[in-house]
>>> print(open('my_file_30.cif').read())   # mmCIF, C-alpha atoms and all ligand atoms
data_input
#
loop_
_atom_site.label_atom_id
_atom_site.label_comp_id
_atom_site.auth_asym_id
_atom_site.auth_seq_id
_atom_site.Cartn_x
_atom_site.Cartn_y
_atom_site.Cartn_z
CA MET A 64 75.77 -73.25 -66.53
CA THR A 65 72.53 -71.37 -66.15
CA CYS A 66 71.82 -67.76 -65.20
CA PHE A 67 71.73 -66.89 -61.49
CA LEU A 68 68.31 -65.32 -61.95
CA CYS A 69 66.59 -67.62 -64.44
CA THR A 70 66.97 -70.97 -66.23
CA GLU A 71 68.55 -69.52 -69.40
CA THR A 72 72.07 -70.47 -70.43
CA GLN A 73 74.77 -68.14 -69.18
CA VAL A 74 76.56 -65.87 -71.67
CA ASP A 75 79.17 -64.50 -69.25
CA PHE A 76 79.84 -63.93 -65.58
CA CYS A 77 79.71 -60.67 -63.64
CA ARG A 78 83.13 -59.07 -63.06
CA HIS A 79 81.80 -57.53 -59.89
CA CYS A 80 79.74 -60.18 -58.08
CA GLY A 81 81.02 -63.22 -60.01
CA GLN A 82 77.57 -64.65 -60.82
CA GLU A 83 76.75 -66.16 -64.21
CA PHE A 84 74.14 -64.29 -66.21
CA CYS A 85 72.09 -64.90 -69.36
CA ALA A 86 71.61 -62.37 -72.20
CA SER A 87 68.51 -60.85 -70.62
CA HIS A 88 70.13 -60.53 -67.18
CA GLN A 89 73.29 -58.97 -68.51
CA SER A 90 73.62 -55.29 -67.68
CA LYS A 91 72.35 -53.19 -70.58
CA LEU A 92 75.01 -50.60 -69.80
CA ASN A 93 78.06 -52.78 -69.18
CA ASN A 94 78.19 -56.21 -70.81
CA LYS A 95 80.80 -57.39 -68.28
CA LEU A 96 78.40 -57.00 -65.39
CA CYS A 97 75.06 -58.49 -64.36
CA CYS A 98 71.85 -56.50 -64.24
CA ASN A 99 71.97 -56.35 -60.43
CA CYS A 100 75.39 -54.72 -60.29
CA VAL A 101 74.70 -52.06 -62.93
CA SER A 102 71.18 -51.02 -63.92
CA ASP A 103 69.00 -47.92 -64.16
CA ALA A 104 68.06 -48.53 -60.53
CA ASN A 105 71.59 -48.04 -59.19
CA LEU A 106 72.88 -45.56 -61.75
CA GLU A 107 71.10 -42.47 -60.61
CA THR A 108 72.21 -38.96 -61.34
CA GLN A 109 71.39 -35.67 -59.78
CA SER A 110 71.60 -32.61 -61.95
CA GLU A 111 72.48 -29.28 -60.38
CA PRO A 112 73.08 -25.83 -61.83
CA LEU A 113 76.74 -24.89 -62.27
CA ILE A 114 77.48 -22.26 -59.66
CA ASP A 115 81.05 -21.05 -59.16
CA SER A 116 82.66 -19.93 -55.89
CA ASP A 117 81.47 -16.36 -56.53
CA GLY A 118 77.89 -17.61 -56.64
CA VAL A 119 77.58 -17.01 -60.40
CA THR A 120 75.46 -19.55 -62.28
CA HIS A 121 76.98 -20.83 -65.53
CA GLN A 122 75.51 -22.61 -68.53
CA GLY A 123 75.47 -26.38 -68.21
CA ARG A 124 74.83 -28.77 -65.38
CA HIS A 125 76.80 -30.36 -62.64
CA ILE A 126 75.89 -34.05 -62.60
CA ARG A 127 76.33 -35.96 -59.38
CA LEU A 128 76.58 -39.74 -59.63
CA ILE A 129 74.42 -41.45 -57.04
CA GLY A 130 74.15 -45.21 -56.56
CA GLU A 131 76.53 -48.14 -56.23
CA GLY A 132 76.22 -48.95 -59.95
CA TRP A 133 78.67 -46.18 -60.79
CA PRO A 134 81.72 -47.53 -58.95
CA ASN A 135 80.75 -51.06 -60.07
CA ASP A 136 80.86 -49.86 -63.68
CA ILE A 137 83.92 -47.63 -63.48
CA VAL A 138 86.20 -50.21 -61.84
CA THR A 139 85.68 -52.70 -64.68
CA ILE A 140 86.89 -50.26 -67.36
CA ALA A 141 90.59 -50.74 -66.56
CA SER A 142 90.27 -54.52 -66.95
CA LEU A 143 88.83 -54.36 -70.49
CA ASN A 144 91.08 -55.24 -73.43
CA ASP A 145 91.17 -52.89 -76.43
CA ASN A 146 88.45 -54.74 -78.34
CA GLU A 147 86.15 -54.89 -75.34
CA LEU A 148 86.71 -51.20 -74.68
CA GLU A 149 85.88 -50.40 -78.32
CA GLU A 150 82.82 -52.66 -78.17
CA GLN A 151 81.50 -50.95 -75.04
CA ILE A 152 82.06 -47.51 -76.53
CA ARG A 153 80.09 -48.50 -79.64
CA GLY A 154 77.33 -50.07 -77.54
CA LEU A 155 77.00 -46.99 -75.37
CA GLN A 156 77.03 -44.68 -78.40
CA ALA A 157 74.14 -46.70 -79.86
CA LEU A 158 72.34 -46.43 -76.51
CA LEU A 159 72.94 -42.67 -76.45
CA LYS A 160 71.57 -42.31 -79.99
CA ILE A 161 68.37 -44.11 -78.99
CA ALA A 162 68.15 -42.03 -75.81
CA ILE A 163 68.47 -38.78 -77.78
CA GLN A 164 65.84 -39.92 -80.27
CA THR A 165 63.53 -40.91 -77.43
CA SER A 166 64.17 -37.59 -75.73
CA ASP A 167 63.47 -35.64 -78.96
CA TYR A 168 60.36 -37.68 -79.66
CA ALA A 169 59.09 -37.29 -76.09
CA ARG A 170 59.78 -33.54 -75.98
CA ILE A 171 58.07 -32.85 -79.33
CA SER A 172 55.14 -35.13 -78.52
CA ILE A 173 54.65 -33.55 -75.09
CA ALA A 174 54.75 -30.07 -76.64
CA ALA A 175 52.20 -31.07 -79.31
CA ARG A 176 49.86 -32.46 -76.68
CA GLN A 177 50.30 -29.48 -74.37
CA PHE A 178 49.45 -27.23 -77.33
CA GLU A 179 46.27 -29.25 -77.95
CA LYS A 180 45.43 -29.08 -74.24
CA GLY A 181 45.93 -25.31 -74.27
CA GLU A 182 43.77 -24.98 -77.39
CA ARG A 183 40.98 -26.93 -75.73
CA GLU A 184 41.12 -24.79 -72.59
CA HIS A 185 41.21 -21.66 -74.73
CA SER A 186 38.25 -22.88 -76.79
CA LYS A 187 36.29 -23.78 -73.65
CA ARG A 188 36.99 -20.30 -72.25
CA ARG A 189 35.98 -18.70 -75.54
CA LYS A 190 32.72 -20.66 -75.67
CA LEU A 191 31.98 -19.76 -72.08
CA MET A 192 32.62 -16.08 -72.79
CA GLN A 193 30.48 -16.27 -75.91
CA ARG A 194 27.68 -17.84 -73.91
CA ARG A 195 27.96 -15.15 -71.27
CA GLU A 196 27.89 -12.45 -73.94
CA GLU A 197 24.87 -14.02 -75.62
CA LEU A 198 23.19 -14.39 -72.29
CA ALA A 199 23.88 -10.72 -71.48
CA LYS A 200 22.55 -9.67 -74.91
CA GLY A 201 19.53 -11.88 -74.34
CA VAL A 202 18.79 -10.14 -71.07
CA VAL A 203 19.06 -6.74 -72.75
CA ARG A 204 16.89 -7.89 -75.65
CA LEU A 205 14.43 -9.38 -73.23
CA ALA A 206 14.30 -6.12 -71.30
CA SER A 207 13.80 -3.97 -74.41
CA GLN A 208 11.24 -6.35 -75.87
CA LYS A 209 9.30 -6.38 -72.68
CA PRO A 210 6.16 -4.41 -73.47
CA ALA A 211 6.00 -1.16 -71.58
CA THR A 212 3.72 -1.82 -68.67
CA ALA A 213 0.54 -0.71 -70.35
CA LYS A 214 -0.94 1.66 -67.88
CA PRO A 215 -4.63 2.07 -68.56
CA LYS A 216 -4.93 5.40 -70.27
CA ASP A 217 -6.52 7.93 -68.02
CA ASP A 218 -8.82 10.68 -69.22
CA THR A 219 -6.03 13.23 -69.37
CA ALA A 220 -3.95 10.98 -71.64
CA LYS A 221 -6.95 10.26 -73.85
CA LEU A 222 -7.67 13.93 -74.22
CA ALA A 223 -4.03 14.75 -74.95
CA GLU A 224 -4.02 12.06 -77.63
CA GLN A 225 -7.27 13.22 -79.18
CA LEU A 226 -6.28 16.85 -79.39
CA GLY A 227 -2.64 16.22 -80.18
CA ILE A 228 -1.51 18.23 -77.17
CA THR A 229 0.84 17.50 -74.28
CA ARG A 230 -0.30 15.93 -71.07
CA GLU A 231 0.36 19.21 -69.23
CA GLN A 232 -1.85 21.10 -71.67
CA ALA A 233 -4.54 18.43 -71.33
CA THR A 234 -4.34 18.62 -67.54
CA ALA A 235 -4.77 22.40 -67.66
CA LEU A 236 -7.65 22.04 -70.08
CA MET A 237 -9.44 19.54 -67.86
CA LYS A 238 -8.91 21.73 -64.82
CA LEU A 239 -10.46 24.62 -66.75
CA ALA A 240 -13.37 22.44 -67.89
CA SER A 241 -14.14 21.32 -64.37
CA GLN A 242 -14.11 24.96 -63.19
CA ILE A 243 -16.53 25.83 -65.96
CA GLY A 244 -18.69 22.89 -65.05
CA GLY A 245 -18.85 24.33 -61.52
CA PRO A 246 -17.65 22.94 -58.25
CA GLN A 247 -19.14 19.58 -57.40
ZN ZN B 1 68.70 -64.76 -66.72
ZN ZN B 2 76.86 -58.77 -60.62
#
>>> encode(input="my_file_30.cif", output="structure tokens", more="lines below")
Ligand SMILES: [Zn+2]
Ligand SMILES: [Zn+2]
Amino acid sequence: MTCFLCTETQVDFCRHCGQEFCASHQSKLNNKLCCNCVSDANLETQSEPLIDSDGVTHQGRHIRLIGEGWPNDIVTIASLNDNELEEQIRGLQALLKIAIQTSDYARISIAARQFEKGEREHSKRRKLMQRREELAKGVVRLASQKPATAKPKDDTAKLAEQLGITREQATALMKLASQIGGPQ
């Protein structure tokens, strides 16, 4: 006999729907069932926080089983002989081990990548801030380097410079000189 889904030779038949399945269309979670009756697609779970009747949240999760795969799987357990039961336990333990490894690997790898992402964002921010600081310094430098608007020196300033006196003194001196020179 061939598989109900492909042309491969059957390895067993499904205890739920009765169809013959090949090795690749056998359920990965229950070797007595086909992949249609029990698969990831119909074995969904919903995880909820554990809240007691007083409304207090406890450690752990309340897992709700959603999907027809669950009853399909559970009802076959009673029909297993001791060896089959042992075999399924071992198979599921192996599956759990892989799942835990995958979970550990994924968690660590995600964390490492998120760290790298954070570092990049931090470095971008730092560079941006550095640029802003440099730009601000540049503006200040530019302002201080800007030559003082060279006002053409007037006569008073020239006189003050020549005699080594203040502008006020020079102004007074010039006023005096013009008075001496007579009104024009
Ligand atoms: Zn098949
Ligand atoms: Zn089936």
>>> closest_atom_pairs(input="my_file_30.cif", of="chain A", to="ligand ZN 1 (chain B)", cutoff="12 Å", atoms="all atoms listed in the file", output="tab-separated table")
residue	atom	partner	partner_atom	distance
A:Met64	CA	B:ZN1	ZN	11.0
A:Thr65	CA	B:ZN1	ZN	7.7
A:Cys66	CA	B:ZN1	ZN	4.6
A:Phe67	CA	B:ZN1	ZN	6.4
A:Leu68	CA	B:ZN1	ZN	4.8
A:Cys69	CA	B:ZN1	ZN	4.2
A:Thr70	CA	B:ZN1	ZN	6.5
A:Glu71	CA	B:ZN1	ZN	5.5
A:Thr72	CA	B:ZN1	ZN	7.6
A:Gln73	CA	B:ZN1	ZN	7.4
A:Val74	CA	B:ZN1	ZN	9.4
A:Asp75	CA	B:ZN1	ZN	10.8
A:Phe76	CA	B:ZN1	ZN	11.2
A:Gln82	CA	B:ZN1	ZN	10.7
A:Glu83	CA	B:ZN1	ZN	8.5
A:Phe84	CA	B:ZN1	ZN	5.5
A:Cys85	CA	B:ZN1	ZN	4.3
A:Ala86	CA	B:ZN1	ZN	6.6
A:Ser87	CA	B:ZN1	ZN	5.5
A:His88	CA	B:ZN1	ZN	4.5
A:Gln89	CA	B:ZN1	ZN	7.6
A:Ser90	CA	B:ZN1	ZN	10.7
A:Cys97	CA	B:ZN1	ZN	9.2
A:Cys98	CA	B:ZN1	ZN	9.2
A:Asn99	CA	B:ZN1	ZN	11.0
>>> closest_residue(input="my_file_30.cif", among="A:Ser110, A:Thr219, A:Gln122, A:Asn135", to="ligand ZN 2 (chain B)", atoms="all atoms listed in the file")
A:Asn135
>>> residues_near_point(input="my_file_30.cif", point="(-4.3, 17.6, -68.0)", cutoff="12 Å", atoms="only C-alpha atoms", output="PyMOL selection string")
chain A and resi 217-224+226+228-241
>>> closest_residue(input="my_file_30.cif", among="A:Asp136, A:Leu113, A:Glu147, A:Thr108", to="ligand ZN 2 (chain B)", atoms="all atoms listed in the file")
A:Asp136
>>> atom_distance(input="my_file_30.cif", atom1="CA of Trp133 in chain A", atom2="CA of Asn105 in chain A")
7.5 Å
>>> closest_residue(input="my_file_30.cif", among="A:Lys91, A:Lys190, A:Arg127, A:Arg78", to="ligand ZN 2 (chain B)", atoms="only C-alpha atoms and all ligand atoms")
A:Arg78
>>> closest_residue(input="my_file_30.cif", among="A:Cys100, A:Ala169, A:Ala141, A:Ala174", to="Gly81 in chain A", atoms="all atoms listed in the file")
A:Cys100
>>> atom_distance(input="my_file_30.cif", atom1="CA of Leu106 in chain A", atom2="CA of Gly132 in chain A")
5.1 Å
>>> closest_residue(input="my_file_30.cif", among="A:Ser116, A:Ser102, A:Gln156, A:Gln151", to="Gly130 in chain A", atoms="all atoms listed in the file")
A:Ser102
>>> residues_around(input="my_file_30.cif", residues="Ile152 in chain A", least_positions_apart="6", cutoff="10 Å", atoms="all atoms listed in the file", output="PyMOL selection string")
chain A and resi 93+146+158
>>> atom_distance(input="my_file_30.cif", atom1="atom ZN of ligand ZN 2 (chain B)", atom2="CA of Ile129 in chain A")
17.9 Å
>>> closest_residue(input="my_file_30.cif", among="A:Ile171, A:Arg176, A:Thr120, A:Glu131", to="ligand ZN 2 (chain B)", atoms="all atoms listed in the file")
A:Glu131
>>> build_atoms(input="my_file_30.cif", residues="range 125-145 of chain A", atoms="N, CA, C and O atoms", output="PDB file, in the frame of the given file")
ATOM      1  N   HIS A 125      75.855 -29.570 -63.397  1.00  0.00           N
ATOM      2  CA  HIS A 125      76.800 -30.360 -62.640  1.00  0.00           C
ATOM      3  C   HIS A 125      76.070 -31.666 -62.314  1.00  0.00           C
ATOM      4  O   HIS A 125      75.011 -31.637 -61.690  1.00  0.00           O
ATOM      5  N   ILE A 126      76.578 -32.780 -62.815  1.00  0.00           N
ATOM      6  CA  ILE A 126      75.890 -34.050 -62.600  1.00  0.00           C
ATOM      7  C   ILE A 126      76.571 -34.845 -61.503  1.00  0.00           C
ATOM      8  O   ILE A 126      77.770 -35.128 -61.575  1.00  0.00           O
ATOM      9  N   ARG A 127      75.811 -35.149 -60.483  1.00  0.00           N
ATOM     10  CA  ARG A 127      76.330 -35.960 -59.380  1.00  0.00           C
ATOM     11  C   ARG A 127      75.918 -37.401 -59.614  1.00  0.00           C
ATOM     12  O   ARG A 127      74.784 -37.690 -59.976  1.00  0.00           O
ATOM     13  N   LEU A 128      76.866 -38.327 -59.435  1.00  0.00           N
ATOM     14  CA  LEU A 128      76.580 -39.740 -59.630  1.00  0.00           C
ATOM     15  C   LEU A 128      76.177 -40.344 -58.294  1.00  0.00           C
ATOM     16  O   LEU A 128      76.926 -40.316 -57.329  1.00  0.00           O
ATOM     17  N   ILE A 129      74.947 -40.860 -58.276  1.00  0.00           N
ATOM     18  CA  ILE A 129      74.420 -41.450 -57.040  1.00  0.00           C
ATOM     19  C   ILE A 129      74.152 -42.927 -57.313  1.00  0.00           C
ATOM     20  O   ILE A 129      73.685 -43.294 -58.377  1.00  0.00           O
ATOM     21  N   GLY A 130      74.438 -43.782 -56.392  1.00  0.00           N
ATOM     22  CA  GLY A 130      74.150 -45.210 -56.560  1.00  0.00           C
ATOM     23  C   GLY A 130      75.411 -46.039 -56.728  1.00  0.00           C
ATOM     24  O   GLY A 130      76.381 -45.591 -57.333  1.00  0.00           O
ATOM     25  N   GLU A 131      75.351 -47.270 -56.235  1.00  0.00           N
ATOM     26  CA  GLU A 131      76.530 -48.140 -56.230  1.00  0.00           C
ATOM     27  C   GLU A 131      76.889 -48.629 -57.626  1.00  0.00           C
ATOM     28  O   GLU A 131      77.987 -49.140 -57.850  1.00  0.00           O
ATOM     29  N   GLY A 132      75.959 -48.500 -58.572  1.00  0.00           N
ATOM     30  CA  GLY A 132      76.220 -48.950 -59.950  1.00  0.00           C
ATOM     31  C   GLY A 132      77.409 -48.226 -60.562  1.00  0.00           C
ATOM     32  O   GLY A 132      78.163 -48.812 -61.348  1.00  0.00           O
ATOM     33  N   TRP A 133      77.579 -46.977 -60.206  1.00  0.00           N
ATOM     34  CA  TRP A 133      78.670 -46.180 -60.790  1.00  0.00           C
ATOM     35  C   TRP A 133      80.045 -46.749 -60.486  1.00  0.00           C
ATOM     36  O   TRP A 133      80.775 -47.050 -61.429  1.00  0.00           O
ATOM     37  N   PRO A 134      80.401 -46.919 -59.203  1.00  0.00           N
ATOM     38  CA  PRO A 134      81.720 -47.530 -58.950  1.00  0.00           C
ATOM     39  C   PRO A 134      81.836 -48.932 -59.537  1.00  0.00           C
ATOM     40  O   PRO A 134      82.900 -49.297 -60.054  1.00  0.00           O
ATOM     41  N   ASN A 135      80.733 -49.717 -59.494  1.00  0.00           N
ATOM     42  CA  ASN A 135      80.750 -51.060 -60.070  1.00  0.00           C
ATOM     43  C   ASN A 135      81.150 -50.989 -61.546  1.00  0.00           C
ATOM     44  O   ASN A 135      81.923 -51.816 -62.039  1.00  0.00           O
ATOM     45  N   ASP A 136      80.595 -50.012 -62.246  1.00  0.00           N
ATOM     46  CA  ASP A 136      80.860 -49.860 -63.680  1.00  0.00           C
ATOM     47  C   ASP A 136      82.271 -49.352 -63.917  1.00  0.00           C
ATOM     48  O   ASP A 136      83.017 -49.921 -64.720  1.00  0.00           O
ATOM     49  N   ILE A 137      82.635 -48.305 -63.220  1.00  0.00           N
ATOM     50  CA  ILE A 137      83.920 -47.630 -63.480  1.00  0.00           C
ATOM     51  C   ILE A 137      85.117 -48.559 -63.225  1.00  0.00           C
ATOM     52  O   ILE A 137      86.069 -48.562 -64.005  1.00  0.00           O
ATOM     53  N   VAL A 138      85.031 -49.371 -62.168  1.00  0.00           N
ATOM     54  CA  VAL A 138      86.200 -50.210 -61.840  1.00  0.00           C
ATOM     55  C   VAL A 138      86.477 -51.291 -62.883  1.00  0.00           C
ATOM     56  O   VAL A 138      87.597 -51.771 -63.000  1.00  0.00           O
ATOM     57  N   THR A 139      85.452 -51.650 -63.672  1.00  0.00           N
ATOM     58  CA  THR A 139      85.680 -52.700 -64.680  1.00  0.00           C
ATOM     59  C   THR A 139      86.383 -52.157 -65.931  1.00  0.00           C
ATOM     60  O   THR A 139      86.948 -52.931 -66.701  1.00  0.00           O
ATOM     61  N   ILE A 140      86.358 -50.852 -66.117  1.00  0.00           N
ATOM     62  CA  ILE A 140      86.890 -50.260 -67.360  1.00  0.00           C
ATOM     63  C   ILE A 140      88.371 -50.619 -67.544  1.00  0.00           C
ATOM     64  O   ILE A 140      88.795 -51.024 -68.630  1.00  0.00           O
ATOM     65  N   ALA A 141      89.140 -50.500 -66.478  1.00  0.00           N
ATOM     66  CA  ALA A 141      90.590 -50.740 -66.560  1.00  0.00           C
ATOM     67  C   ALA A 141      90.916 -52.181 -66.980  1.00  0.00           C
ATOM     68  O   ALA A 141      91.959 -52.440 -67.596  1.00  0.00           O
ATOM     69  N   SER A 142      89.993 -53.110 -66.662  1.00  0.00           N
ATOM     70  CA  SER A 142      90.270 -54.520 -66.950  1.00  0.00           C
ATOM     71  C   SER A 142      89.883 -54.933 -68.378  1.00  0.00           C
ATOM     72  O   SER A 142      90.127 -56.069 -68.778  1.00  0.00           O
ATOM     73  N   LEU A 143      89.252 -54.031 -69.116  1.00  0.00           N
ATOM     74  CA  LEU A 143      88.830 -54.360 -70.490  1.00  0.00           C
ATOM     75  C   LEU A 143      90.028 -54.357 -71.429  1.00  0.00           C
ATOM     76  O   LEU A 143      90.912 -53.516 -71.303  1.00  0.00           O
ATOM     77  N   ASN A 144      90.038 -55.320 -72.395  1.00  0.00           N
ATOM     78  CA  ASN A 144      91.080 -55.240 -73.430  1.00  0.00           C
ATOM     79  C   ASN A 144      90.631 -54.227 -74.481  1.00  0.00           C
ATOM     80  O   ASN A 144      89.494 -53.719 -74.426  1.00  0.00           O
ATOM     81  N   ASP A 145      91.476 -53.932 -75.441  1.00  0.00           N
ATOM     82  CA  ASP A 145      91.170 -52.890 -76.430  1.00  0.00           C
ATOM     83  C   ASP A 145      89.868 -53.140 -77.178  1.00  0.00           C
ATOM     84  O   ASP A 145      89.073 -52.220 -77.373  1.00  0.00           O
TER      85      ASP A 145
END
